[in-house]
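Please read the structure below before turning to the comments.
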Amino acid sequence: MRSDAIRHRELLIDAASRVFAARGYDVPLSEVLRDANLGRGTLYRHFSGREALIIAVLDREVRDLRDELQFQLDDPALFTDFLVRQSVSACAYLPLLDSLAKAPTEQFLNEIVPLYESIVADVIGAAKRHGTVREDMTVEDFHLAVRMLSATRQSREFSRLPENGAARSLDLVMKGIGPHCGAEVS
């Protein structure tokens with residue numbers, strides 16, 4: 001690919017990331033193009049449509065996450081920080097991921113999901129070494145905890161919780177997945 005084509009593709013992904021974060025994934029693509037200062041032909045030269053652009057944004061975000069976290073695995077606070085960060089992100093991403101899961105693309109299933117799962121597994125492994133989570137903690141348990149915390153944030157009642165409602169939710173979840181938790185529930 002020519003250097004200007006690579007640059008244009010990156011500009012589109014950068015713009016889409018900003019615009020989607022600010023306005024949602026259903027924003028008109030013309031707003032992404034305006035932000036990137038590029039034309040419709042350039043968009044469709046690189047992406048077949050909205051879903052392909054969204055997949056490119058997710059792919060980059062997951063790869064950036066991997067690059068960022070690889071240097072933090074020695075930090076005992078990483079697991080809790082990562083859990084909170086993912087639960088906040090899940091508020092925006094879960095509806096999108098659920099819609100992609102209905103018609104999954106090959107790239108999404110074969111590249112992005114396994115890469116994200118390996119990141120989660122690395123974070124859990126580090127947390128086990130630090131003694132901050134139960135030994136039987138799994139990637140599926142992590143996803144469940146993320147969904148529980150994000151559901152709390154998304155509920156209408158969240159705004160009526162005491163000021164420390166998010167912290168209390170996290171505390172309750174961490175006590176359940178902490179290293180000294182009681183018997184396993186089946």
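Just remember, in the structure tokens the first chain shown is A, the second B, etc., residues are 1-based per chain, and ligands are 1-based in the order shown.
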
- Task: Pick out the residues sitting within 9 Å of A:Ser87, and hand them over as a PyMOL selection string; count only C-alpha atoms, and ignore anything fewer than 5 positions along from it in its own chain.
- Result: chain A and resi 82+145-151+153

Convert the current residue selection to file output with N, CA, C and O atoms, as a PDB file, in the first residue's frame.
```pdb
ATOM      1  N   PHE A  82      -7.872  -2.425  35.452  1.00  0.00           N
ATOM      2  CA  PHE A  82      -8.322  -2.963  34.173  1.00  0.00           C
ATOM      3  C   PHE A  82      -9.808  -3.316  34.230  1.00  0.00           C
ATOM      4  O   PHE A  82     -10.566  -3.015  33.309  1.00  0.00           O
ATOM      5  N   ALA A 145     -17.871 -10.294  35.532  1.00  0.00           N
ATOM      6  CA  ALA A 145     -17.663  -9.159  36.438  1.00  0.00           C
ATOM      7  C   ALA A 145     -17.797  -7.831  35.694  1.00  0.00           C
ATOM      8  O   ALA A 145     -18.395  -6.877  36.203  1.00  0.00           O
ATOM      9  N   VAL A 146     -17.263  -7.759  34.484  1.00  0.00           N
ATOM     10  CA  VAL A 146     -17.386  -6.540  33.675  1.00  0.00           C
ATOM     11  C   VAL A 146     -18.852  -6.248  33.390  1.00  0.00           C
ATOM     12  O   VAL A 146     -19.315  -5.118  33.535  1.00  0.00           O
ATOM     13  N   ARG A 147     -19.606  -7.268  33.002  1.00  0.00           N
ATOM     14  CA  ARG A 147     -21.027  -7.059  32.709  1.00  0.00           C
ATOM     15  C   ARG A 147     -21.797  -6.634  33.960  1.00  0.00           C
ATOM     16  O   ARG A 147     -22.679  -5.786  33.888  1.00  0.00           O
ATOM     17  N   MET A 148     -21.448  -7.213  35.104  1.00  0.00           N
ATOM     18  CA  MET A 148     -22.125  -6.827  36.354  1.00  0.00           C
ATOM     19  C   MET A 148     -21.854  -5.357  36.672  1.00  0.00           C
ATOM     20  O   MET A 148     -22.780  -4.604  36.998  1.00  0.00           O
ATOM     21  N   LEU A 149     -20.596  -4.948  36.585  1.00  0.00           N
ATOM     22  CA  LEU A 149     -20.257  -3.559  36.902  1.00  0.00           C
ATOM     23  C   LEU A 149     -20.831  -2.592  35.866  1.00  0.00           C
ATOM     24  O   LEU A 149     -21.316  -1.515  36.223  1.00  0.00           O
ATOM     25  N   SER A 150     -20.787  -2.967  34.602  1.00  0.00           N
ATOM     26  CA  SER A 150     -21.331  -2.051  33.588  1.00  0.00           C
ATOM     27  C   SER A 150     -22.847  -1.973  33.688  1.00  0.00           C
ATOM     28  O   SER A 150     -23.425  -0.908  33.446  1.00  0.00           O
ATOM     29  N   ALA A 151     -23.503  -3.068  34.066  1.00  0.00           N
ATOM     30  CA  ALA A 151     -24.958  -3.030  34.248  1.00  0.00           C
ATOM     31  C   ALA A 151     -25.335  -2.063  35.364  1.00  0.00           C
ATOM     32  O   ALA A 151     -26.326  -1.337  35.263  1.00  0.00           O
ATOM     33  N   ARG A 153     -23.632   0.599  36.198  1.00  0.00           N
ATOM     34  CA  ARG A 153     -23.425   1.950  35.662  1.00  0.00           C
ATOM     35  C   ARG A 153     -24.540   2.359  34.705  1.00  0.00           C
ATOM     36  O   ARG A 153     -24.876   3.532  34.610  1.00  0.00           O
TER      37      ARG A 153
END
```

- Query: stretch 14-133 of chain A: which residues are helix (DSSP H, G or I) by DSSP, as JSON, numbers by chain?
  - Reply: {"A": [14, 15, 16, 17, 18, 19, 20, 21, 22, 23, 29, 30, 31, 32, 33, 34, 35, 36, 40, 41, 42, 43, 44, 45, 46, 50, 51, 52, 53, 54, 55, 56, 57, 58, 59, 60, 61, 62, 63, 64, 65, 66, 67, 68, 69, 78, 79, 80, 81, 82, 83, 84, 85, 86, 87, 88, 89, 90, 91, 92, 93, 94, 95, 96, 97, 98, 99, 100, 101, 102, 106, 107, 108, 109, 110, 111, 112, 113, 114, 115, 116, 117, 118, 119, 120, 121, 122, 123, 124, 125, 126, 127, 128, 129, 130]}

- For A:Tyr25: contacts at 9 Å, only C-alpha atoms, fewer than 6 positions along chain excluded, given as a PyMOL selection string: chain A and resi 16+19+50+54+96

Please, could you write that set of residues out with C-alpha atoms as a short mmCIF file (atom, residue, chain, number, x, y, z; two decimals), in the first residue's frame?
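Result saved to part_24.cif:
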```cif
data_model
loop_
_atom_site.label_atom_id
_atom_site.label_comp_id
_atom_site.auth_asym_id
_atom_site.auth_seq_id
_atom_site.Cartn_x
_atom_site.Cartn_y
_atom_site.Cartn_z
CA ALA A 16 -13.78 7.35 13.50
CA VAL A 19 -16.32 10.65 16.45
CA ARG A 50 -19.64 1.22 8.67
CA ILE A 54 -15.95 -0.08 13.36
CA LEU A 96 -22.07 -2.70 19.63
#
```

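We find atom CA of A:Ile119 and atom CA of A:Leu58 to be spaced 14.1 Å apart.
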
- Quick one: distance from atom CA of A:Asp67 to atom CA of A:Gly49 in Å, one decimal? 27.4 Å
